[in-house]
>>> print(open('target-v7.csv').read())   # CSV, C-alpha atoms and all ligand atoms
chain,number,residue,atom,x,y,z
A,2,MET,CA,-5.4,-2.0,-21.6
A,3,ASN,CA,-2.2,-0.9,-23.1
A,4,THR,CA,-2.4,2.1,-25.4
A,5,SER,CA,1.1,1.8,-26.7
A,6,GLU,CA,3.0,-1.2,-28.1
A,7,LYS,CA,6.2,-0.3,-26.2
A,8,ILE,CA,7.4,-2.1,-23.1
A,9,ASN,CA,7.1,0.2,-20.0
A,10,LEU,CA,10.4,-0.3,-18.1
A,11,LEU,CA,8.7,0.9,-14.9
A,12,ASP,CA,7.2,-2.6,-14.9
A,13,TYR,CA,10.6,-4.3,-14.6
A,14,THR,CA,12.3,-5.4,-11.4
A,15,PRO,CA,16.2,-5.3,-11.5
A,16,GLU,CA,16.1,-9.1,-12.0
A,17,LYS,CA,13.7,-8.8,-15.0
A,18,LEU,CA,15.7,-6.0,-16.5
A,19,LYS,CA,18.8,-8.1,-16.3
A,20,THR,CA,17.1,-10.9,-18.2
A,21,PHE,CA,15.8,-8.3,-20.7
A,22,PHE,CA,19.4,-7.1,-21.5
A,23,LEU,CA,20.9,-10.6,-21.5
A,24,GLU,CA,18.3,-11.7,-24.1
A,25,ARG,CA,19.4,-8.8,-26.3
A,26,GLY,CA,23.0,-9.8,-26.0
A,27,GLU,CA,23.9,-7.0,-23.6
A,28,LYS,CA,25.9,-7.2,-20.4
A,29,PRO,CA,23.8,-7.5,-17.2
A,30,PHE,CA,25.4,-4.3,-15.7
A,31,ARG,CA,23.3,-2.4,-18.2
A,32,ALA,CA,20.3,-3.2,-16.0
A,33,THR,CA,21.9,-1.5,-13.0
A,34,GLN,CA,22.7,1.6,-15.1
A,35,VAL,CA,19.2,1.8,-16.4
A,36,ILE,CA,17.5,1.1,-13.0
A,37,LYS,CA,19.6,3.9,-11.5
A,38,TRP,CA,18.6,6.4,-14.3
A,39,ILE,CA,15.0,5.5,-13.9
A,40,HIS,CA,14.5,5.3,-10.2
A,41,GLN,CA,17.3,7.3,-8.6
A,42,TYR,CA,17.5,10.1,-11.1
A,43,GLY,CA,13.8,10.1,-12.3
A,44,VAL,CA,14.8,10.1,-16.0
A,45,ASP,CA,12.0,9.2,-18.5
A,46,SER,CA,14.0,9.6,-21.7
A,47,PHE,CA,16.7,7.2,-22.9
A,48,ALA,CA,18.5,10.2,-24.5
A,49,ASP,CA,19.4,11.3,-20.9
A,50,MET,CA,21.1,8.0,-20.0
A,51,THR,CA,24.6,9.4,-20.9
A,52,ASN,CA,26.6,6.4,-19.8
A,53,VAL,CA,24.7,4.1,-22.1
A,54,SER,CA,26.0,3.9,-25.7
A,55,LYS,CA,24.1,5.9,-28.3
A,56,ALA,CA,23.3,2.8,-30.3
A,57,LEU,CA,21.8,1.1,-27.3
A,58,ARG,CA,19.8,4.2,-26.3
A,59,ASN,CA,18.3,4.4,-29.8
A,60,GLU,CA,17.5,0.7,-29.7
A,61,LEU,CA,15.8,1.0,-26.3
A,62,ALA,CA,13.8,4.1,-27.4
A,63,SER,CA,12.4,2.1,-30.4
A,64,ILE,CA,11.1,-0.8,-28.2
A,65,ALA,CA,10.6,0.6,-24.7
A,66,GLU,CA,9.5,3.6,-22.8
A,67,ILE,CA,9.4,5.0,-19.2
A,68,LYS,CA,5.7,6.0,-19.0
A,69,PRO,CA,4.7,8.1,-16.0
A,70,LEU,CA,1.2,8.4,-14.6
A,71,GLU,CA,-0.7,11.5,-15.5
A,72,ILE,CA,-1.5,14.0,-12.7
A,73,VAL,CA,-5.2,15.0,-12.7
A,74,ILE,CA,-5.2,16.8,-9.3
A,75,ASP,CA,-2.4,17.9,-7.0
A,76,LYS,CA,-3.8,19.1,-3.6
A,77,LEU,CA,-1.8,20.5,-0.7
A,78,SER,CA,-3.4,20.4,2.8
A,79,GLU,CA,-2.9,23.1,5.4
A,80,ASP,CA,-0.8,20.6,7.4
A,81,GLY,CA,1.5,19.9,4.5
A,82,THR,CA,-0.1,16.6,3.5
A,83,ARG,CA,-0.3,16.4,-0.3
A,84,LYS,CA,-2.6,14.3,-2.4
A,85,TRP,CA,-2.5,13.4,-6.0
A,86,LEU,CA,-5.3,12.0,-8.2
A,87,LEU,CA,-3.5,10.1,-10.9
A,88,ARG,CA,-5.0,8.9,-14.2
A,89,LEU,CA,-4.0,5.5,-15.6
A,90,ALA,CA,-3.8,4.7,-19.3
A,91,ASP,CA,-7.3,3.2,-19.3
A,92,GLY,CA,-8.8,6.3,-17.8
A,93,ASN,CA,-9.2,4.9,-14.3
A,94,CYS,CA,-8.0,7.1,-11.5
A,95,ILE,CA,-6.1,6.3,-8.2
A,96,GLU,CA,-4.9,8.4,-5.3
A,97,THR,CA,-1.5,8.7,-3.6
A,98,VAL,CA,-0.8,10.7,-0.5
A,99,PHE,CA,2.4,12.2,1.0
A,100,ILE,CA,2.5,12.8,4.7
A,101,PRO,CA,5.4,14.9,6.0
A,102,GLU,CA,6.3,14.6,9.7
A,103,ASP,CA,9.2,16.0,11.8
A,104,ASP,CA,11.4,12.9,11.5
A,105,ARG,CA,10.1,11.2,8.3
A,106,GLY,CA,8.1,11.6,5.1
A,107,THR,CA,5.6,8.8,4.3
A,108,LEU,CA,4.1,8.0,0.9
A,109,CYS,CA,0.8,6.2,1.0
A,110,ILE,CA,0.5,4.1,-2.2
A,111,SER,CA,-2.5,2.5,-3.8
A,112,SER,CA,-2.4,-1.2,-5.0
A,113,GLN,CA,-5.8,-1.5,-6.8
A,114,VAL,CA,-8.4,0.6,-8.6
A,115,GLY,CA,-11.1,0.5,-5.9
A,116,CYS,CA,-11.3,-2.5,-3.5
A,117,ALA,CA,-13.3,-5.7,-3.4
A,118,LEU,CA,-13.3,-6.2,0.4
A,119,ASP,CA,-16.3,-4.1,1.5
A,120,CYS,CA,-15.0,-3.0,4.9
A,121,THR,CA,-18.0,-1.0,6.2
A,122,PHE,CA,-16.1,2.0,7.5
A,123,CYS,CA,-13.9,2.6,4.4
A,124,SER,CA,-14.8,5.0,1.5
A,125,THR,CA,-12.8,3.1,-1.1
A,126,ALA,CA,-15.0,0.1,-0.5
A,127,ARG,CA,-18.0,2.1,-1.7
A,128,GLN,CA,-16.4,2.5,-5.0
A,129,GLY,CA,-16.4,-1.2,-5.7
A,130,PHE,CA,-13.5,-3.0,-7.3
A,131,ASN,CA,-12.3,-2.4,-10.8
A,132,ARG,CA,-8.8,-3.9,-11.4
A,133,ASN,CA,-5.4,-4.6,-10.0
A,134,LEU,CA,-2.6,-2.1,-10.6
A,135,SER,CA,0.4,-3.1,-12.7
A,136,VAL,CA,3.9,-2.9,-11.3
A,137,ALA,CA,4.5,0.2,-13.3
A,138,GLU,CA,1.3,1.8,-11.8
A,139,ILE,CA,2.3,0.9,-8.3
A,140,ILE,CA,6.0,2.0,-8.5
A,141,GLY,CA,5.0,4.8,-10.8
A,142,GLN,CA,3.4,6.5,-7.7
A,143,LEU,CA,6.7,6.6,-5.9
A,144,TRP,CA,8.6,7.5,-9.0
A,145,LEU,CA,6.3,10.5,-9.6
A,146,ALA,CA,6.1,11.7,-6.0
A,147,LYS,CA,9.9,11.5,-5.6
A,148,LYS,CA,10.4,13.6,-8.7
A,149,LEU,CA,7.9,16.2,-7.5
A,150,LEU,CA,9.0,16.4,-3.9
A,151,GLN,CA,12.8,16.0,-4.5
A,152,PRO,CA,13.6,17.6,-7.8
A,153,ASP,CA,17.4,17.3,-7.1
A,154,PRO,CA,18.0,13.6,-6.8
A,155,ASP,CA,21.3,14.1,-5.0
A,156,SER,CA,19.7,16.1,-2.2
A,157,GLU,CA,18.5,14.6,1.1
A,158,ARG,CA,15.8,12.0,0.9
A,159,VAL,CA,12.3,13.4,1.2
A,160,ILE,CA,10.3,10.2,1.1
A,161,SER,CA,11.8,8.0,3.9
A,162,ASN,CA,8.8,5.6,4.3
A,163,VAL,CA,6.4,3.9,2.0
A,164,VAL,CA,3.1,2.3,3.2
A,165,MET,CA,0.8,0.2,1.0
A,166,MET,CA,-2.2,1.8,2.7
A,167,GLY,CA,-3.9,3.6,-0.2
A,168,MET,CA,-6.7,2.2,-2.2
A,169,GLY,CA,-7.0,-1.6,-2.5
A,170,GLU,CA,-6.0,-4.7,-0.7
A,171,PRO,CA,-2.3,-5.3,-1.6
A,172,LEU,CA,-2.3,-9.0,-0.9
A,173,LEU,CA,-5.0,-9.5,-3.5
A,174,ASN,CA,-2.6,-8.1,-6.1
A,175,PHE,CA,0.2,-10.2,-4.8
A,176,ASP,CA,2.7,-10.6,-7.6
A,177,ASN,CA,2.7,-7.0,-8.7
A,178,VAL,CA,2.9,-5.7,-5.2
A,179,VAL,CA,5.8,-7.9,-4.4
A,180,ASP,CA,7.7,-6.8,-7.5
A,181,ALA,CA,7.0,-3.1,-6.8
A,182,MET,CA,8.2,-3.5,-3.2
A,183,THR,CA,11.3,-5.3,-4.5
A,184,ILE,CA,12.1,-2.2,-6.5
A,185,MET,CA,11.5,0.0,-3.4
A,186,LEU,CA,14.0,-2.0,-1.4
A,187,ASP,CA,16.7,-2.3,-4.2
A,188,ASP,CA,19.8,-0.3,-3.5
A,189,ASN,CA,20.1,0.8,-7.1
A,190,ALA,CA,16.5,2.0,-7.2
A,191,TYR,CA,15.0,3.6,-4.0
A,192,GLY,CA,17.1,1.7,-1.4
A,193,LEU,CA,14.5,1.9,1.3
A,194,SER,CA,15.1,-0.2,4.4
A,195,LYS,CA,12.6,-3.1,5.0
A,196,ARG,CA,11.7,-1.4,8.3
A,197,ARG,CA,10.4,1.6,6.3
A,198,VAL,CA,8.4,-0.3,3.7
A,199,THR,CA,5.1,-1.5,5.1
A,200,LEU,CA,2.4,-3.7,3.6
A,201,SER,CA,-1.0,-3.2,5.2
A,202,THR,CA,-3.6,-5.9,4.9
A,203,SER,CA,-7.1,-6.8,6.1
A,204,GLY,CA,-5.7,-10.3,6.6
A,205,ILE,CA,-5.7,-12.5,3.5
A,206,VAL,CA,-4.1,-15.4,5.4
A,207,PRO,CA,-2.9,-17.7,2.5
A,208,ALA,CA,-1.3,-14.7,0.8
A,209,LEU,CA,0.3,-13.6,4.1
A,210,GLU,CA,1.9,-17.0,4.2
A,211,ARG,CA,3.3,-16.6,0.7
A,212,LEU,CA,4.6,-13.1,1.5
A,213,ARG,CA,6.6,-14.5,4.5
A,214,GLU,CA,8.5,-16.8,2.1
A,215,LYS,CA,8.9,-14.2,-0.6
A,216,LEU,CA,9.8,-10.8,0.8
A,217,ASP,CA,11.0,-9.3,4.1
A,218,VAL,CA,9.0,-6.1,4.7
A,219,SER,CA,7.1,-4.6,7.6
A,220,LEU,CA,3.6,-5.6,8.2
A,221,ALA,CA,0.4,-3.8,9.3
A,222,ILE,CA,-2.8,-5.7,10.0
A,223,SER,CA,-6.2,-3.9,9.8
A,224,LEU,CA,-7.8,-5.7,12.8
A,225,HIS,CA,-10.4,-3.1,13.9
A,226,ALA,CA,-12.2,-5.6,16.2
A,227,PRO,CA,-11.2,-8.0,19.0
A,228,ASN,CA,-13.8,-10.8,18.3
A,229,ASN,CA,-15.1,-12.5,15.2
A,230,SER,CA,-18.7,-11.5,15.4
A,231,LEU,CA,-17.8,-7.8,15.4
A,232,ARG,CA,-15.0,-8.2,12.8
A,233,ASN,CA,-17.3,-10.2,10.5
A,234,GLN,CA,-19.4,-7.0,10.3
A,235,LEU,CA,-16.6,-4.4,10.0
A,236,VAL,CA,-14.1,-6.4,7.8
A,237,PRO,CA,-16.3,-9.0,6.0
A,238,VAL,CA,-13.3,-11.0,4.7
A,239,ASN,CA,-13.0,-12.1,8.4
A,240,ARG,CA,-15.7,-14.7,7.6
A,241,LYS,CA,-13.2,-16.4,5.4
A,242,TYR,CA,-10.1,-15.8,7.5
A,243,PRO,CA,-11.1,-15.5,11.2
A,244,ILE,CA,-9.1,-13.8,13.9
A,245,GLU,CA,-7.4,-16.9,15.3
A,246,GLU,CA,-6.0,-17.9,11.8
A,247,LEU,CA,-4.9,-14.4,11.2
A,248,ILE,CA,-3.1,-14.1,14.5
A,249,ALA,CA,-1.5,-17.5,14.0
A,250,SER,CA,-0.2,-16.3,10.7
A,251,CYS,CA,1.1,-13.1,12.2
A,252,LYS,CA,3.1,-15.1,14.8
A,253,ARG,CA,4.6,-17.2,12.0
A,254,PHE,CA,5.5,-14.0,10.1
A,255,MET,CA,7.4,-12.7,13.1
A,256,GLN,CA,9.3,-15.9,13.8
A,257,GLY,CA,13.1,-15.4,13.7
A,258,LYS,CA,12.8,-11.6,13.4
A,259,ALA,CA,14.8,-9.2,15.6
A,260,ALA,CA,13.2,-8.6,19.0
A,261,ARG,CA,12.6,-4.9,18.2
A,262,GLU,CA,10.5,-5.7,15.1
A,263,ARG,CA,6.8,-5.4,15.6
A,264,ILE,CA,3.6,-5.8,13.6
A,265,THR,CA,1.5,-2.7,13.5
A,266,ILE,CA,-2.1,-3.4,14.5
A,267,GLU,CA,-4.5,-0.9,13.0
A,268,TYR,CA,-7.7,-0.2,14.9
A,269,VAL,CA,-10.1,2.4,13.7
A,270,MET,CA,-12.0,4.0,16.6
A,271,LEU,CA,-15.7,3.8,15.8
A,272,ASN,CA,-18.0,5.4,18.4
A,273,GLY,CA,-20.1,2.9,20.3
A,274,ILE,CA,-19.1,0.1,17.9
A,275,ASN,CA,-15.6,-1.2,18.8
A,276,ASP,CA,-14.3,1.2,21.4
A,277,SER,CA,-15.7,0.0,24.8
A,278,GLU,CA,-13.5,-1.0,27.8
A,279,GLN,CA,-14.6,-4.6,27.3
A,280,ASN,CA,-13.4,-4.4,23.6
A,281,ALA,CA,-10.0,-3.1,24.9
A,282,HIS,CA,-9.6,-6.0,27.3
A,283,GLU,CA,-10.6,-8.5,24.6
A,284,LEU,CA,-8.0,-6.9,22.3
A,285,VAL,CA,-5.3,-7.3,25.0
A,286,ASN,CA,-6.2,-11.0,25.1
A,287,VAL,CA,-6.1,-11.5,21.4
A,288,LEU,CA,-2.7,-9.8,21.0
A,289,LYS,CA,-1.1,-11.4,24.1
A,290,ASP,CA,1.6,-13.5,22.4
A,291,VAL,CA,2.3,-11.4,19.3
A,292,PRO,CA,5.0,-8.6,19.1
A,293,VAL,CA,2.8,-5.7,18.2
A,294,LYS,CA,2.3,-2.0,18.4
A,295,VAL,CA,-1.3,-0.8,18.2
A,296,ASN,CA,-2.2,2.1,16.1
A,297,LEU,CA,-5.5,3.7,17.2
A,298,ILE,CA,-6.9,5.6,14.2
A,299,PRO,CA,-9.7,8.1,14.8
A,300,PHE,CA,-12.4,7.3,12.3
A,301,ASN,CA,-12.4,9.6,9.3
A,302,PRO,CA,-15.9,10.3,8.2
A,303,PHE,CA,-17.0,10.5,4.6
A,304,PRO,CA,-20.5,11.4,3.1
A,305,GLU,CA,-23.3,9.0,4.0
A,306,THR,CA,-21.3,6.9,6.5
A,307,ARG,CA,-23.2,5.4,9.3
A,308,TYR,CA,-20.3,5.7,11.8
A,309,GLN,CA,-18.9,8.4,14.0
A,310,ARG,CA,-15.5,9.0,15.4
A,311,SER,CA,-15.0,8.0,19.1
A,312,SER,CA,-14.5,10.9,21.5
A,313,ASN,CA,-11.0,11.7,22.7
A,314,ASN,CA,-12.1,10.5,26.1
A,315,ARG,CA,-13.1,7.1,24.8
A,316,ILE,CA,-9.9,6.8,22.8
A,317,HIS,CA,-7.8,7.6,25.9
A,318,ARG,CA,-9.6,5.1,28.0
A,319,PHE,CA,-9.2,2.4,25.4
A,320,ARG,CA,-5.5,3.3,25.0
A,321,ASP,CA,-4.9,3.3,28.8
A,322,ILE,CA,-6.2,-0.3,29.1
A,323,LEU,CA,-3.8,-1.5,26.3
A,324,VAL,CA,-0.8,0.5,27.8
A,325,ASP,CA,-1.5,-1.0,31.3
A,326,ALA,CA,-1.3,-4.4,29.8
A,327,GLY,CA,2.2,-3.5,28.4
A,328,ILE,CA,1.2,-2.9,24.8
A,329,VAL,CA,2.9,-0.1,22.8
A,330,VAL,CA,0.2,2.2,21.5
A,331,ILE,CA,0.3,5.0,19.0
A,332,THR,CA,-2.7,7.3,18.7
A,333,ARG,CA,-2.5,8.4,15.1
A,334,LYS,CA,-3.1,12.0,14.4
A,335,THR,CA,-5.5,12.6,11.5
A,336,ARG,CA,-3.8,14.3,8.6
A,337,GLY,CA,-5.0,16.0,5.4
A,338,GLU,CA,-8.7,16.0,6.3
A,339,ASP,CA,-9.3,19.2,4.5
A,340,ILE,CA,-8.3,17.6,1.2
A,341,ASP,CA,-10.0,14.2,1.8
A,342,ALA,CA,-6.6,12.6,2.1
A,343,ALA,CA,-7.0,11.0,5.5
A,344,CYS,CA,-7.1,7.2,6.0
A,345,GLY,CA,-10.1,5.6,4.4
A,346,GLN,CA,-11.1,8.7,2.5
A,347,LEU,CA,-9.4,7.8,-0.7
A,348,ALA,CA,-12.0,7.4,-3.3
A,349,GLY,CA,-10.4,8.0,-6.7
A,350,LYS,CA,-12.8,7.5,-9.5
A,351,VAL,CA,-13.9,4.0,-10.6
A,352,ASN,CA,-15.5,3.7,-14.0
A,353,ASP,CA,-17.1,0.2,-13.5
A,354,LYS,CA,-18.7,-0.5,-10.3
A,355,SER,CA,-20.9,-3.4,-11.5
A,356,ARG,CA,-18.2,-6.0,-11.3
A,357,ARG,CA,-17.8,-5.8,-7.5
A,358,GLU,CA,-20.2,-8.7,-6.6
A,359,ILE,CA,-18.4,-11.0,-9.0
A,360,HIS,CA,-15.0,-10.3,-7.6
A,361,PHE,CA,-16.1,-10.7,-4.0
A,362,ALA,CA,-17.6,-14.0,-4.9
A,363,ARG,CA,-14.3,-15.1,-6.4
A,364,ILE,CA,-12.5,-14.3,-3.2
A,365,GLU,CA,-15.0,-16.3,-1.3
A,366,SER,CA,-14.4,-19.3,-3.5
A,367,GLN,CA,-10.6,-18.9,-3.0
A,368,GLU,CA,-10.0,-18.6,-6.6
A,369,PRO,CA,-6.7,-16.7,-7.1
A,370,VAL,CA,-7.6,-13.0,-7.6
A,371,ARG,CA,-5.0,-11.6,-10.1
A,372,GLU,CA,-6.1,-10.2,-13.3
A,373,TYR,CA,-9.6,-8.9,-13.9
A,374,GLU,CA,-9.4,-7.1,-17.1
A,375,SER,CA,-10.9,-9.2,-19.9
A,401,LIG,N1,-6.6,-3.0,2.3
A,401,LIG,C1,-5.5,-2.6,3.2
A,401,LIG,C2,-4.9,-1.3,2.9
A,401,LIG,C3,-5.9,-0.1,2.7
A,401,LIG,S1,-6.7,0.6,4.1
A,401,LIG,C4,-5.9,-2.8,4.6
A,401,LIG,O1,-7.1,-3.1,4.9
A,401,LIG,O2,-5.1,-2.7,5.5
A,401,LIG,C5,-5.5,1.5,5.0
A,401,LIG,C6,-5.9,1.7,6.5
A,401,LIG,O3,-6.9,2.7,6.6
A,401,LIG,C7,-6.6,0.4,7.0
A,401,LIG,O4,-6.1,0.2,8.3
A,401,LIG,C8,-8.0,0.8,7.0
A,401,LIG,O5,-8.7,-0.1,7.8
A,401,LIG,C9,-8.0,2.2,7.4
A,401,LIG,N2,-9.2,2.9,7.2
A,401,LIG,C10,-10.1,2.7,6.2
A,401,LIG,N3,-11.2,3.5,6.3
A,401,LIG,C11,-10.9,4.3,7.3
A,401,LIG,C12,-11.6,5.5,7.8
A,401,LIG,N4,-12.8,5.9,7.3
A,401,LIG,N5,-11.1,6.1,8.9
A,401,LIG,C13,-9.9,5.7,9.4
A,401,LIG,N6,-9.2,4.7,8.9
A,401,LIG,C14,-9.7,4.0,7.9
>>> encode(input="target-v7.csv", output="structure tokens")
Amino acid sequence: MNTSEKINLLDYTPEKLKTFFLERGEKPFRATQVIKWIHQYGVDSFADMTNVSKALRNELASIAEIKPLEIVIDKLSEDGTRKWLLRLADGNCIETVFIPEDDRGTLCISSQVGCALDCTFCSTARQGFNRNLSVAEIIGQLWLAKKLLQPDPDSERVISNVVMMGMGEPLLNFDNVVDAMTIMLDDNAYGLSKRRVTLSTSGIVPALERLREKLDVSLAISLHAPNNSLRNQLVPVNRKYPIEELIASCKRFMQGKAARERITIEYVMLNGINDSEQNAHELVNVLKDVPVKVNLIPFNPFPETRYQRSSNNRIHRFRDILVDAGIVVITRKTRGEDIDAACGQLAGKVNDKSRREIHFARIESQEPVREYES
């Protein structure tokens, strides 16, 4: 639902903006100028674009806009993690989280309002699915966070990494996520390196195949289980795309990449569910021919969940088995728990939960899942 008739230029990749200017009889370099103003300098008014002629600025202002997301809540955790609840033009809300560390600053971005996938340990799943985010709504999260965290655009970069690990399944909003990530990588916009832009997926195999051909970014796979019977329960989309197919697709994704590049395997540690020694050995076997690093994520509880976090002892034992098999393992520290900003705790606020069944059925039938708003 668009409340204004104007074109939101946050929706445009550099390529699309070039076409936009060419169609108006302008030179393509105008696109570079405007992209820099919008994304490097965080400008949202054409009047501020001082190297663009006054006539063109006026023309742009009459047909286009740079429309930011609205901040509803801005919460700061004791550990420095910051979470924003952002309202979209149609009233739906999404969440974005910034996680500062010694050597990096990571922004965790949402790709959908809610999620259709129903992973049993994730609080976003309980909200159901509402709709895909537009390019402007995805890149708008980075645009806003950068402006708030780094008010002087010429100062040192605060957001060094972006992960598509917020609400939603990014590969089920393929085109918009690819366009938004293209803007993240563009030197005239955010200029982030492909090693610092990560798409996290529960494993939508056909879309992963398309991604490989379309865009070079880093990949994280939400595996969470080493065999199909367990994964079918935890990540139900596994019934459609089982582990063998997912791993085969991961191998193809890594073909021709530099030896140091690895896929991140995310594995949430659920007490007594997927954290036994046998599970660790199974996982070693599943991952044996794929260049990976495994990220063990302590489960983050939320109200009414049936799961508990594995004890540190169990996590260490699990980790040691992987490490002994030569696998690189990172045990992720939980951040922002006091503000419900930790992994899997993003809930936002979804207005329409009733459509969830329909959407999941559409995924099952392999119908392309793109635009849901009627
Ligand atoms: N749909 C995408 C991205 C969103 S989830 C995906 O599945 O990868 C981002 C990560 O948080 C995933 O690895 C997800 O499995 C994990 N996660 C979800 N709920 C969690 C919870 N309660 N505790 C810890 N990690 C969780």
>>> closest_residue(input="target-v7.csv", among="A:Asn189, A:Thr121, A:Thr33, A:Ser194", to="Ile274 of chain A", atoms="only C-alpha atoms")
A:Thr121
>>> residues_around(input="target-v7.csv", residues="segment 176-178 of chain A", least_positions_apart="3", cutoff="7 Å", atoms="all atoms listed in the file", output="CSV table (one decimal) with C-alpha atoms, keeping the file's coordinate frame")
chain,number,residue,atom,x,y,z
A,112,SER,CA,-2.4,-1.2,-5.0
A,135,SER,CA,0.4,-3.1,-12.7
A,136,VAL,CA,3.9,-2.9,-11.3
A,171,PRO,CA,-2.3,-5.3,-1.6
A,181,ALA,CA,7.0,-3.1,-6.8
A,182,MET,CA,8.2,-3.5,-3.2
>>> closest_residue(input="target-v7.csv", among="A:Pro101, A:Gly169, A:Pro243, A:Pro15", to="ligand LIG 401 (chain A)", atoms="all atoms listed in the file")
A:Gly169
>>> residues_around(input="target-v7.csv", residues="Phe303 of chain A", least_positions_apart="4", cutoff="9 Å", atoms="only C-alpha atoms", output="VMD selection string")
chain A and resid 123 to 124 341 345 to 346
>>> residues_around(input="target-v7.csv", residues="Cys94 of chain A", least_positions_apart="6", cutoff="12 Å", atoms="all atoms listed in the file", output="list in words")
Leu70, Glu71, Ile72, Val73, Ile74, Trp85, Leu86, Leu87, Arg88, Ser111, Ser112, Gln113, Val114, Gly115, Gln128, Asn131, Arg132, Leu134, Glu138, Met168, Leu347, Ala348, Gly349, Lys350, Val351, Asn352 and Asp353 of chain A
>>> residues_near_ligand(input="target-v7.csv", ligand="ligand LIG 401 (chain A)", cutoff="9 Å", atoms="only C-alpha atoms and all ligand atoms", output="PyMOL selection string")
chain A and resi 109+111-112+116+118+120-126+164-173+200-204+221-225+236+266-271+296+298-303+306+308+310+335+343-347
>>> atom_distance(input="target-v7.csv", atom1="atom CA of Ile244 of chain A", atom2="atom CA of Asn228 of chain A")
7.1 Å
>>> closest_residue(input="target-v7.csv", among="A:Val218, A:Ala117, A:Val198, A:Ile160", to="Asn174 of chain A", atoms="only C-alpha atoms")
A:Ala117
>>> residues_near_point(input="target-v7.csv", point="(-8.3, -15.1, 12.0)", cutoff="10 Å", atoms="all atoms listed in the file", output="VMD selection string")
chain A and resid 204 to 206 224 228 to 229 232 238 to 251
>>> atom_distance(input="target-v7.csv", atom1="atom CA of Asp155 of chain A", atom2="atom CA of Asn59 of chain A")
26.8 Å
>>> closest_residue(input="target-v7.csv", among="A:Leu150, A:Phe30, A:Thr51, A:Arg158", to="Gly81 of chain A", atoms="only C-alpha atoms")
A:Leu150
>>> atom_distance(input="target-v7.csv", atom1="atom CA of Asn272 of chain A", atom2="atom CA of Gln309 of chain A")
5.4 Å
>>> closest_residue(input="target-v7.csv", among="A:Tyr42, A:Phe47, A:Phe175, A:Phe99", to="Lys148 of chain A", atoms="all atoms listed in the file")
A:Tyr42
>>> closest_residue(input="target-v7.csv", among="A:Val159, A:Lys215, A:Leu61, A:Asp119", to="Lys7 of chain A", atoms="all atoms listed in the file")
A:Leu61
>>> residues_around(input="target-v7.csv", residues="Glu66 of chain A", least_positions_apart="6", cutoff="9 Å", atoms="all atoms listed in the file", output="list in words")
Lys7, Ile8, Asn9, Leu10, Leu11, Asp45, Ser46 and Phe47 of chain A
>>> residues_near_point(input="target-v7.csv", point="(-3.7, -1.7, 23.3)", cutoff="10 Å", atoms="all atoms listed in the file", output="PyMOL selection string")
chain A and resi 266+268+281-286+288+293-297+319-331
>>> residues_around(input="target-v7.csv", residues="Leu57 of chain A", least_positions_apart="2", cutoff="12 Å", atoms="only C-alpha atoms", output="VMD selection string")
chain A and resid 22 25 to 28 31 35 47 to 48 50 to 55 59 to 65
>>> write_last_selection(input="target-v7.csv", atoms="C-alpha atoms", output="compact mmCIF listing (two decimals), keeping the file's coordinate frame")
# COMPACT_ATOMS: atom_id res chain seq x y z
CA PHE A 22 19.40 -7.10 -21.50
CA ARG A 25 19.40 -8.80 -26.30
CA GLY A 26 23.00 -9.80 -26.00
CA GLU A 27 23.90 -7.00 -23.60
CA LYS A 28 25.90 -7.20 -20.40
CA ARG A 31 23.30 -2.40 -18.20
CA VAL A 35 19.20 1.80 -16.40
CA PHE A 47 16.70 7.20 -22.90
CA ALA A 48 18.50 10.20 -24.50
CA MET A 50 21.10 8.00 -20.00
CA THR A 51 24.60 9.40 -20.90
CA ASN A 52 26.60 6.40 -19.80
CA VAL A 53 24.70 4.10 -22.10
CA SER A 54 26.00 3.90 -25.70
CA LYS A 55 24.10 5.90 -28.30
CA ASN A 59 18.30 4.40 -29.80
CA GLU A 60 17.50 0.70 -29.70
CA LEU A 61 15.80 1.00 -26.30
CA ALA A 62 13.80 4.10 -27.40
CA SER A 63 12.40 2.10 -30.40
CA ILE A 64 11.10 -0.80 -28.20
CA ALA A 65 10.60 0.60 -24.70
>>> axis_aligned_box(input="target-v7.csv", around="segment 219-233 of chain A", padding_each_side="4 Å", output="JSON")
{"center_x": -5.8, "center_y": -7.8, "center_z": 13.3, "size_x": 33.8, "size_y": 17.4, "size_z": 19.4}
